[in-house]
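Reproduced below: start_22.pdb, with PDB, C-alpha atoms and all ligand atoms.
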ATOM      1  CA  MET A 150       8.156  14.365  14.959
ATOM      2  CA  LEU A 151       5.704  14.019  12.077
ATOM      3  CA  ASP A 152       2.480  15.920  12.518
ATOM      4  CA  TYR A 153       0.700  13.887   9.864
ATOM      5  CA  ASN A 154       0.518  10.292   8.642
ATOM      6  CA  ILE A 155       2.300   9.033   5.550
ATOM      7  CA  PHE A 156       0.323   6.505   3.530
ATOM      8  CA  LEU A 157       2.318   4.382   1.101
ATOM      9  CA  ILE A 158       0.146   3.109  -1.727
ATOM     10  CA  GLY A 159       0.942   1.114  -4.856
ATOM     11  CA  PHE A 160       0.630  -2.193  -6.621
ATOM     12  CA  MET A 161       1.542  -5.447  -4.883
ATOM     13  CA  GLY A 162       5.322  -5.738  -4.805
ATOM     14  CA  SER A 163       5.947  -2.027  -5.228
ATOM     15  CA  GLY A 164       7.884  -2.080  -1.945
ATOM     16  CA  LYS A 165       5.366  -0.494   0.436
ATOM     17  CA  SER A 166       6.087  -2.682   3.477
ATOM     18  CA  THR A 167       9.873  -2.555   3.251
ATOM     19  CA  VAL A 168       9.945   1.169   2.529
ATOM     20  CA  ALA A 169       7.449   1.856   5.339
ATOM     21  CA  LYS A 170       9.740   0.128   7.838
ATOM     22  CA  SER A 171      12.785   1.999   6.591
ATOM     23  CA  LEU A 172      10.981   5.348   6.463
ATOM     24  CA  SER A 173       9.516   5.004   9.941
ATOM     25  CA  ARG A 174      12.931   4.077  11.331
ATOM     26  CA  LYS A 175      14.503   7.162   9.726
ATOM     27  CA  LEU A 176      11.719   9.456  10.920
ATOM     28  CA  GLY A 177      11.510   7.883  14.377
ATOM     29  CA  THR A 178       7.800   7.155  14.044
ATOM     30  CA  SER A 179       5.629   4.072  14.288
ATOM     31  CA  CYS A 180       4.844   1.927  11.316
ATOM     32  CA  ALA A 181       1.579   0.156  10.486
ATOM     33  CA  GLU A 182       1.211  -2.656   7.986
ATOM     34  CA  MET A 183      -2.441  -2.891   6.943
ATOM     35  CA  ASP A 184      -2.309  -6.470   5.632
ATOM     36  CA  GLU A 185      -0.786  -7.681   8.907
ATOM     37  CA  MET A 186      -3.509  -5.884  10.844
ATOM     38  CA  VAL A 187      -6.251  -7.445   8.718
ATOM     39  CA  VAL A 188      -4.715 -10.886   9.301
ATOM     40  CA  ALA A 189      -4.489 -10.280  13.059
ATOM     41  CA  ASP A 190      -8.035  -8.916  13.182
ATOM     42  CA  GLN A 191      -9.483 -11.936  11.353
ATOM     43  CA  ASP A 192      -7.013 -14.434  12.788
ATOM     44  CA  MET A 193      -6.455 -16.056   9.393
ATOM     45  CA  PRO A 194      -4.223 -15.508   6.372
ATOM     46  CA  ILE A 195      -5.396 -13.244   3.542
ATOM     47  CA  THR A 196      -5.897 -16.153   1.114
ATOM     48  CA  GLU A 197      -8.217 -17.784   3.641
ATOM     49  CA  ILE A 198     -10.198 -14.550   4.156
ATOM     50  CA  PHE A 199     -10.725 -14.349   0.371
ATOM     51  CA  ASP A 200     -11.657 -18.052   0.159
ATOM     52  CA  LYS A 201     -14.060 -18.050   3.081
ATOM     53  CA  HIS A 202     -15.651 -14.618   2.829
ATOM     54  CA  GLY A 203     -14.761 -13.157  -0.584
ATOM     55  CA  GLU A 204     -13.048  -9.966  -1.694
ATOM     56  CA  GLU A 205     -15.785  -7.513  -0.610
ATOM     57  CA  TYR A 206     -15.554  -8.746   2.968
ATOM     58  CA  PHE A 207     -11.768  -8.355   2.857
ATOM     59  CA  ARG A 208     -12.212  -4.787   1.555
ATOM     60  CA  ASP A 209     -14.639  -4.008   4.398
ATOM     61  CA  VAL A 210     -12.150  -5.204   7.012
ATOM     62  CA  GLU A 211      -9.383  -3.294   5.219
ATOM     63  CA  SER A 212     -11.413  -0.057   5.420
ATOM     64  CA  GLU A 213     -12.102  -0.612   9.136
ATOM     65  CA  VAL A 214      -8.399  -1.188   9.779
ATOM     66  CA  LEU A 215      -7.540   2.029   7.923
ATOM     67  CA  GLU A 216      -9.941   4.042  10.076
ATOM     68  CA  ARG A 217      -8.535   2.456  13.218
ATOM     69  CA  ILE A 218      -4.945   3.293  12.202
ATOM     70  CA  THR A 219      -5.687   6.929  11.569
ATOM     71  CA  LYS A 220      -6.968   7.381  15.109
ATOM     72  CA  GLU A 221      -3.232   7.503  15.783
ATOM     73  CA  LYS A 222      -1.235  10.287  14.188
ATOM     74  CA  HIS A 223       2.404  10.381  13.116
ATOM     75  CA  MET A 224       2.403   6.958  11.480
ATOM     76  CA  VAL A 225       3.935   5.540   8.346
ATOM     77  CA  VAL A 226       1.265   3.253   6.929
ATOM     78  CA  SER A 227       1.874   0.517   4.388
ATOM     79  CA  CYS A 228      -1.491   0.143   2.656
ATOM     80  CA  GLY A 229      -2.756  -2.925   0.857
ATOM     81  CA  GLY A 230      -2.393  -2.795  -2.919
ATOM     82  CA  GLY A 231      -6.144  -2.422  -3.331
ATOM     83  CA  THR A 232      -6.843   0.098  -0.567
ATOM     84  CA  VAL A 233      -7.175   2.939  -3.101
ATOM     85  CA  LEU A 234      -9.978   1.125  -4.939
ATOM     86  CA  ARG A 235     -12.496   2.592  -2.513
ATOM     87  CA  LYS A 236     -12.844   6.331  -2.862
ATOM     88  CA  ARG A 237     -13.846   6.616   0.777
ATOM     89  CA  ASN A 238     -10.474   5.152   1.803
ATOM     90  CA  VAL A 239      -8.654   7.682  -0.368
ATOM     91  CA  ASP A 240     -10.677  10.595   1.055
ATOM     92  CA  PHE A 241      -9.914   9.327   4.518
ATOM     93  CA  MET A 242      -6.178   9.120   3.812
ATOM     94  CA  LYS A 243      -6.148  12.606   2.290
ATOM     95  CA  GLU A 244      -7.872  13.992   5.388
ATOM     96  CA  ASN A 245      -5.350  12.299   7.651
ATOM     97  CA  GLY A 246      -1.983  12.659   5.958
ATOM     98  CA  HIS A 247       0.003  12.583   2.749
ATOM     99  CA  ILE A 248      -0.270   9.833   0.147
ATOM    100  CA  VAL A 249       2.886   8.547  -1.526
ATOM    101  CA  LEU A 250       2.620   6.230  -4.538
ATOM    102  CA  LEU A 251       5.401   3.713  -5.112
ATOM    103  CA  THR A 252       5.593   2.423  -8.678
ATOM    104  CA  ALA A 253       7.480  -0.377 -10.384
ATOM    105  CA  LYS A 254       7.424  -1.946 -13.835
ATOM    106  CA  PRO A 255       5.417  -5.175 -14.212
ATOM    107  CA  GLU A 256       8.693  -7.058 -14.786
ATOM    108  CA  THR A 257      10.062  -5.730 -11.490
ATOM    109  CA  ILE A 258       6.834  -6.637  -9.684
ATOM    110  CA  LEU A 259       7.004 -10.188 -11.023
ATOM    111  CA  LYS A 260      10.613 -10.493  -9.867
ATOM    112  CA  ARG A 261       9.618  -9.338  -6.371
ATOM    113  CA  VAL A 262       6.409 -11.336  -5.818
ATOM    114  CA  GLY A 263       6.667 -14.188  -8.340
ATOM    115  CA  ARG A 264       7.345 -16.820  -5.694
ATOM    116  CA  SER A 265       4.722 -15.616  -3.234
ATOM    117  CA  THR A 266       1.462 -17.522  -2.797
ATOM    118  CA  ASN A 267      -0.209 -15.266  -0.258
ATOM    119  CA  ARG A 268      -1.690 -12.759  -2.710
ATOM    120  CA  PRO A 269      -5.046 -14.188  -3.843
ATOM    121  CA  ILE A 270      -5.422 -11.527  -6.538
ATOM    122  CA  LEU A 271      -2.306 -12.814  -8.303
ATOM    123  CA  ASN A 272      -2.512 -16.524  -7.487
ATOM    124  CA  GLY A 273      -2.808 -18.424 -10.747
ATOM    125  CA  HIS A 274      -1.967 -15.285 -12.750
ATOM    126  CA  MET A 275       1.688 -14.829 -11.898
ATOM    127  CA  ASN A 276       2.848 -13.412 -15.219
ATOM    128  CA  VAL A 277       3.808 -10.053 -16.736
ATOM    129  CA  GLU A 278       0.719  -9.894 -18.995
ATOM    130  CA  TYR A 279      -1.747 -10.216 -16.128
ATOM    131  CA  ILE A 280       0.180  -7.819 -13.881
ATOM    132  CA  THR A 281       0.312  -5.259 -16.726
ATOM    133  CA  GLU A 282      -3.424  -5.591 -17.331
ATOM    134  CA  LEU A 283      -4.368  -5.220 -13.656
ATOM    135  CA  MET A 284      -1.936  -2.350 -13.207
ATOM    136  CA  ASP A 285      -3.550  -0.542 -16.167
ATOM    137  CA  LYS A 286      -7.008  -1.066 -14.682
ATOM    138  CA  ARG A 287      -5.891   0.406 -11.377
ATOM    139  CA  LYS A 288      -3.675   3.148 -12.778
ATOM    140  CA  ASP A 289      -6.244   5.961 -12.493
ATOM    141  CA  SER A 290      -7.035   5.071  -8.876
ATOM    142  CA  TYR A 291      -3.358   5.118  -7.932
ATOM    143  CA  MET A 292      -2.519   8.278  -9.873
ATOM    144  CA  SER A 293      -5.471  10.329  -8.686
ATOM    145  CA  ALA A 294      -4.846   9.421  -5.048
ATOM    146  CA  ALA A 295      -1.106  10.166  -5.115
ATOM    147  CA  GLU A 296       0.382  13.433  -3.907
ATOM    148  CA  LEU A 297       3.890  12.188  -4.539
ATOM    149  CA  ILE A 298       5.021   9.476  -6.965
ATOM    150  CA  VAL A 299       8.276   7.600  -6.469
ATOM    151  CA  ALA A 300       9.541   5.038  -9.000
ATOM    152  CA  THR A 301      11.293   2.176  -7.235
ATOM    153  CA  ASP A 302      12.834   0.175 -10.109
ATOM    154  CA  ASP A 303      16.595  -0.247  -9.715
ATOM    155  CA  LYS A 304      16.721   1.862  -6.538
ATOM    156  CA  SER A 305      17.831   0.732  -3.092
ATOM    157  CA  ILE A 306      15.482   0.994  -0.108
ATOM    158  CA  ALA A 307      17.786   3.687   1.317
ATOM    159  CA  GLU A 308      17.534   5.719  -1.910
ATOM    160  CA  ILE A 309      13.746   5.448  -2.030
ATOM    161  CA  THR A 310      13.476   6.398   1.649
ATOM    162  CA  GLU A 311      15.704   9.438   1.164
ATOM    163  CA  GLU A 312      13.768  10.542  -1.919
ATOM    164  CA  ILE A 313      10.477  10.433  -0.010
ATOM    165  CA  ILE A 314      11.909  12.391   2.926
ATOM    166  CA  VAL A 315      13.343  15.106   0.661
ATOM    167  CA  GLU A 316      10.099  15.451  -1.305
ATOM    168  CA  LEU A 317       7.888  15.486   1.794
ATOM    169  CA  GLU A 318       9.981  18.242   3.332
ATOM    170  CA  LYS A 319       8.962  20.418   0.359
ATOM    171  CA  PHE A 320       5.309  19.829   1.265
ATOM    172  CA  ASP A 321       5.893  21.352   4.690
ATOM    173  CA  ALA A 322       8.043  24.232   3.487
TER     174      ALA A 322
HETATM  175  C1  LIG B   1      -4.130  -6.708  -2.645
HETATM  176  C2  LIG B   1      -2.867  -6.466  -2.181
HETATM  177  C3  LIG B   1      -2.314  -7.129  -0.985
HETATM  178  C4  LIG B   1      -3.432  -7.554  -0.029
HETATM  179  C5  LIG B   1      -4.460  -8.354  -0.754
HETATM  180  C6  LIG B   1      -5.088  -7.605  -1.935
HETATM  181  C7  LIG B   1      -4.582  -6.038  -3.889
HETATM  182  O1  LIG B   1      -1.420  -6.231  -0.321
HETATM  183  O2  LIG B   1      -4.022  -6.436   0.573
HETATM  184  O3  LIG B   1      -3.855  -9.542  -1.176
HETATM  185  O4  LIG B   1      -5.792  -6.109  -4.222
HETATM  186  O5  LIG B   1      -3.742  -5.398  -4.570
HETATM  187  P1  LIG B   1       0.089  -5.926  -0.786
HETATM  188  O6  LIG B   1       0.004  -4.850  -1.812
HETATM  189  O7  LIG B   1       0.730  -5.452   0.467
HETATM  190  O8  LIG B   1       0.649  -7.186  -1.319
END
Show me the file's structure as structure tokens.
Amino acid sequence: MLDYNIFLIGFMGSGKSTVAKSLSRKLGTSCAEMDEMVVADQDMPITEIFDKHGEEYFRDVESEVLERITKEKHMVVSCGGGTVLRKRNVDFMKENGHIVLLTAKPETILKRVGRSTNRPILNGHMNVEYITELMDKRKDSYMSAAELIVATDDKSIAEITEEIIVELEKFDA
């Protein structure tokens, strides 16, 4: 049994949700998907939350959801791509578990999320140039929060899951 939480952070399409499910299954723990919790809490899709209330409001709800999740221990948490933008969220995650950054090249991200329309941050900007620019802007936030960095390009979910487990075991050793 895990005695800490694992927070998966990273850009949209870096694989957080899929890896969180796989990792939690392997570790026999629960899994929390922050975006799904925000949607359930507000009873509307993320695009509608952005349209009706704006990004700051979304970020406030996201922070509340994060605090609620960490009342539970032993969870694998798939964070939203922008959760690390608030320092308070990062401090909170560090106090309550280990932070794992999943990375992917902009080209890989585009391949994974190019058809999706439920990410307001990327809607209307679904191209490699924009993804590269936004990734660069966020790079410091991701890198400074991360305790472990796992590149996901050209790896299977099983490989990524295994890599995280092996690396996290070293933390405990
Ligand atoms: C966001 C990422 C999304 C979601 C929202 C904002 C971001 O989560 O929280 O659309 O600012 O990067 P995913 O990374 O799970 O797509």
What does the PyMOL selection byres (((chain A and resi 209-220) around 12) and not hetatm) select in this file, as number ranges by chain? A: 153-156, 179-191, 195, 198-199, 202-208, 221-247
Which distance in Å separates atom O7 of ligand LIG 1 (chain B) and atom CA of A:Gly162, to one decimal? 7.0 Å
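Among the candidates A:Ile309, A:Leu271, A:Leu172, A:Ala300, the residue lying nearest to A:Leu250 is A:Ala300 (atoms considered: only C-alpha atoms).
Taking atom CA of A:Arg264 as the reference point, atom CA of A:Ser171 is found at 23.1 Å.
Note that atom CA of A:Ile306 and atom C7 of ligand LIG 1 (chain B) are 21.6 Å apart.
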Place a sphere of radius 12 Å on (12.0, 17.7, 7.8) in the file coordinates and name every protein, DNA or RNA residue with an atom inside or on its surface, counting only C-alpha atoms; give the answer as a PyMOL selection string. chain A and resi 150-152+175-177+311+313-322
Taking the file as shown, what set of residues would the PyMOL selection byres (((chain A and resi 295) around 10) and not hetatm) give back, as JSON, numbers by chain? {"A": [156, 157, 158, 159, 233, 239, 243, 247, 248, 249, 250, 251, 289, 290, 291, 292, 293, 294, 296, 297, 298, 299]}
Set up a box along x, y and z of the file covering all listed atoms of stretch 271-275 of chain A, add 8 Å on every one of the six sides, and write the centre and edge lengths in Å to one decimal, as AutoDock Vina command-line options.
--center_x -0.6 --center_y -15.6 --center_z -10.1 --size_x 20.5 --size_y 21.6 --size_z 21.3
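For the set A:Ile270, A:Ala307, A:Met193, A:Met284, the residue with the smallest atom-to-atom gap to A:Gly164 is A:Ala307, counting all atoms listed in the file.
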In terms of the shortest atom-to-atom distance over all atoms listed in the file, which of A:Asp192, A:Ala169, A:Pro269, A:Ile258 is closest to ligand LIG 1 (chain B)? A:Pro269
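With all atoms listed in the file as the atoms that count, the minimum distance from A:Thr310 to the choices A:Gly273, A:Thr266, A:Thr178, A:Thr167 is reached by A:Thr167.
Of the residues listed (A:Asp302, A:Pro255, A:Glu197, A:Arg174), A:Pro255 shows the shortest atom-to-atom separation from A:Tyr279; distances use all atoms listed in the file.
When only C-alpha atoms and all ligand atoms are used to measure the gap to ligand LIG 1 (chain B), the shortest distance among A:Thr252, A:Thr301, A:Thr196, A:Thr281 belongs to A:Thr196.
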Where atoms are missing, can you supply all heavy atoms for stretch 169-180 of chain A and output the lot as a PDB file, keeping the file's coordinate frame?
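File written: out.pdb
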ATOM      1  N   ALA A 169       8.116   1.307   4.148  1.00  0.00           N
ATOM      2  CA  ALA A 169       7.449   1.856   5.339  1.00  0.00           C
ATOM      3  C   ALA A 169       8.311   1.628   6.574  1.00  0.00           C
ATOM      4  O   ALA A 169       8.469   2.526   7.413  1.00  0.00           O
ATOM      5  CB  ALA A 169       6.075   1.215   5.519  1.00  0.00           C
ATOM      6  N   LYS A 170       8.888   0.430   6.676  1.00  0.00           N
ATOM      7  CA  LYS A 170       9.740   0.128   7.838  1.00  0.00           C
ATOM      8  C   LYS A 170      10.949   1.052   7.847  1.00  0.00           C
ATOM      9  O   LYS A 170      11.305   1.638   8.875  1.00  0.00           O
ATOM     10  CB  LYS A 170      10.205  -1.330   7.797  1.00  0.00           C
ATOM     11  CG  LYS A 170       9.148  -2.276   8.305  1.00  0.00           C
ATOM     12  CD  LYS A 170       9.705  -3.696   8.446  1.00  0.00           C
ATOM     13  CE  LYS A 170       8.531  -4.677   8.533  1.00  0.00           C
ATOM     14  NZ  LYS A 170       8.465  -5.647   7.445  1.00  0.00           N
ATOM     15  N   SER A 171      11.585   1.178   6.692  1.00  0.00           N
ATOM     16  CA  SER A 171      12.785   1.999   6.591  1.00  0.00           C
ATOM     17  C   SER A 171      12.470   3.480   6.878  1.00  0.00           C
ATOM     18  O   SER A 171      13.178   4.162   7.621  1.00  0.00           O
ATOM     19  CB  SER A 171      13.370   1.817   5.189  1.00  0.00           C
ATOM     20  OG  SER A 171      14.193   2.866   4.832  1.00  0.00           O
ATOM     21  N   LEU A 172      11.372   3.944   6.298  1.00  0.00           N
ATOM     22  CA  LEU A 172      10.981   5.348   6.463  1.00  0.00           C
ATOM     23  C   LEU A 172      10.632   5.653   7.921  1.00  0.00           C
ATOM     24  O   LEU A 172      11.039   6.688   8.471  1.00  0.00           O
ATOM     25  CB  LEU A 172       9.770   5.603   5.558  1.00  0.00           C
ATOM     26  CG  LEU A 172       9.313   7.015   5.273  1.00  0.00           C
ATOM     27  CD1 LEU A 172      10.441   7.859   4.707  1.00  0.00           C
ATOM     28  CD2 LEU A 172       8.138   6.998   4.275  1.00  0.00           C
ATOM     29  N   SER A 173       9.910   4.752   8.557  1.00  0.00           N
ATOM     30  CA  SER A 173       9.516   5.004   9.941  1.00  0.00           C
ATOM     31  C   SER A 173      10.740   5.000  10.856  1.00  0.00           C
ATOM     32  O   SER A 173      10.831   5.783  11.793  1.00  0.00           O
ATOM     33  CB  SER A 173       8.469   4.001  10.420  1.00  0.00           C
ATOM     34  OG  SER A 173       8.987   2.708  10.396  1.00  0.00           O
ATOM     35  N   ARG A 174      11.703   4.126  10.535  1.00  0.00           N
ATOM     36  CA  ARG A 174      12.931   4.077  11.331  1.00  0.00           C
ATOM     37  C   ARG A 174      13.667   5.410  11.203  1.00  0.00           C
ATOM     38  O   ARG A 174      14.088   6.011  12.184  1.00  0.00           O
ATOM     39  CB  ARG A 174      13.828   2.930  10.848  1.00  0.00           C
ATOM     40  CG  ARG A 174      14.434   2.133  11.971  1.00  0.00           C
ATOM     41  CD  ARG A 174      15.222   0.931  11.473  1.00  0.00           C
ATOM     42  NE  ARG A 174      14.396  -0.119  10.907  1.00  0.00           N
ATOM     43  CZ  ARG A 174      14.593  -0.687   9.710  1.00  0.00           C
ATOM     44  NH1 ARG A 174      15.580  -0.297   8.926  1.00  0.00           N
ATOM     45  NH2 ARG A 174      13.812  -1.646   9.279  1.00  0.00           N
ATOM     46  N   LYS A 175      13.802   5.889   9.982  1.00  0.00           N
ATOM     47  CA  LYS A 175      14.503   7.162   9.726  1.00  0.00           C
ATOM     48  C   LYS A 175      13.816   8.335  10.390  1.00  0.00           C
ATOM     49  O   LYS A 175      14.452   9.276  10.869  1.00  0.00           O
ATOM     50  CB  LYS A 175      14.544   7.420   8.205  1.00  0.00           C
ATOM     51  CG  LYS A 175      15.794   6.942   7.542  1.00  0.00           C
ATOM     52  CD  LYS A 175      16.737   8.097   7.358  1.00  0.00           C
ATOM     53  CE  LYS A 175      18.103   7.607   6.942  1.00  0.00           C
ATOM     54  NZ  LYS A 175      19.049   8.663   6.731  1.00  0.00           N
ATOM     55  N   LEU A 176      12.473   8.316  10.385  1.00  0.00           N
ATOM     56  CA  LEU A 176      11.719   9.456  10.920  1.00  0.00           C
ATOM     57  C   LEU A 176      11.443   9.307  12.407  1.00  0.00           C
ATOM     58  O   LEU A 176      10.927  10.231  13.044  1.00  0.00           O
ATOM     59  CB  LEU A 176      10.390   9.599  10.164  1.00  0.00           C
ATOM     60  CG  LEU A 176      10.481   9.945   8.676  1.00  0.00           C
ATOM     61  CD1 LEU A 176       9.111   9.846   8.015  1.00  0.00           C
ATOM     62  CD2 LEU A 176      11.055  11.348   8.470  1.00  0.00           C
ATOM     63  N   GLY A 177      11.755   8.125  12.952  1.00  0.00           N
ATOM     64  CA  GLY A 177      11.510   7.883  14.377  1.00  0.00           C
ATOM     65  C   GLY A 177      10.032   7.826  14.712  1.00  0.00           C
ATOM     66  O   GLY A 177       9.601   8.301  15.767  1.00  0.00           O
ATOM     67  N   THR A 178       9.246   7.268  13.805  1.00  0.00           N
ATOM     68  CA  THR A 178       7.800   7.155  14.044  1.00  0.00           C
ATOM     69  C   THR A 178       7.378   5.685  14.037  1.00  0.00           C
ATOM     70  O   THR A 178       8.169   4.818  13.708  1.00  0.00           O
ATOM     71  CB  THR A 178       7.004   7.859  12.928  1.00  0.00           C
ATOM     72  OG1 THR A 178       7.346   7.232  11.687  1.00  0.00           O
ATOM     73  CG2 THR A 178       7.317   9.317  12.837  1.00  0.00           C
ATOM     74  N   SER A 179       6.130   5.446  14.359  1.00  0.00           N
ATOM     75  CA  SER A 179       5.629   4.072  14.288  1.00  0.00           C
ATOM     76  C   SER A 179       5.251   3.721  12.860  1.00  0.00           C
ATOM     77  O   SER A 179       5.024   4.604  12.034  1.00  0.00           O
ATOM     78  CB  SER A 179       4.384   3.885  15.144  1.00  0.00           C
ATOM     79  OG  SER A 179       4.470   4.578  16.307  1.00  0.00           O
ATOM     80  N   CYS A 180       5.143   2.428  12.650  1.00  0.00           N
ATOM     81  CA  CYS A 180       4.844   1.927  11.316  1.00  0.00           C
ATOM     82  C   CYS A 180       3.652   0.979  11.420  1.00  0.00           C
ATOM     83  O   CYS A 180       3.578   0.191  12.351  1.00  0.00           O
ATOM     84  CB  CYS A 180       6.091   1.180  10.850  1.00  0.00           C
ATOM     85  SG  CYS A 180       5.935   0.396   9.273  1.00  0.00           S
TER      86      CYS A 180
END
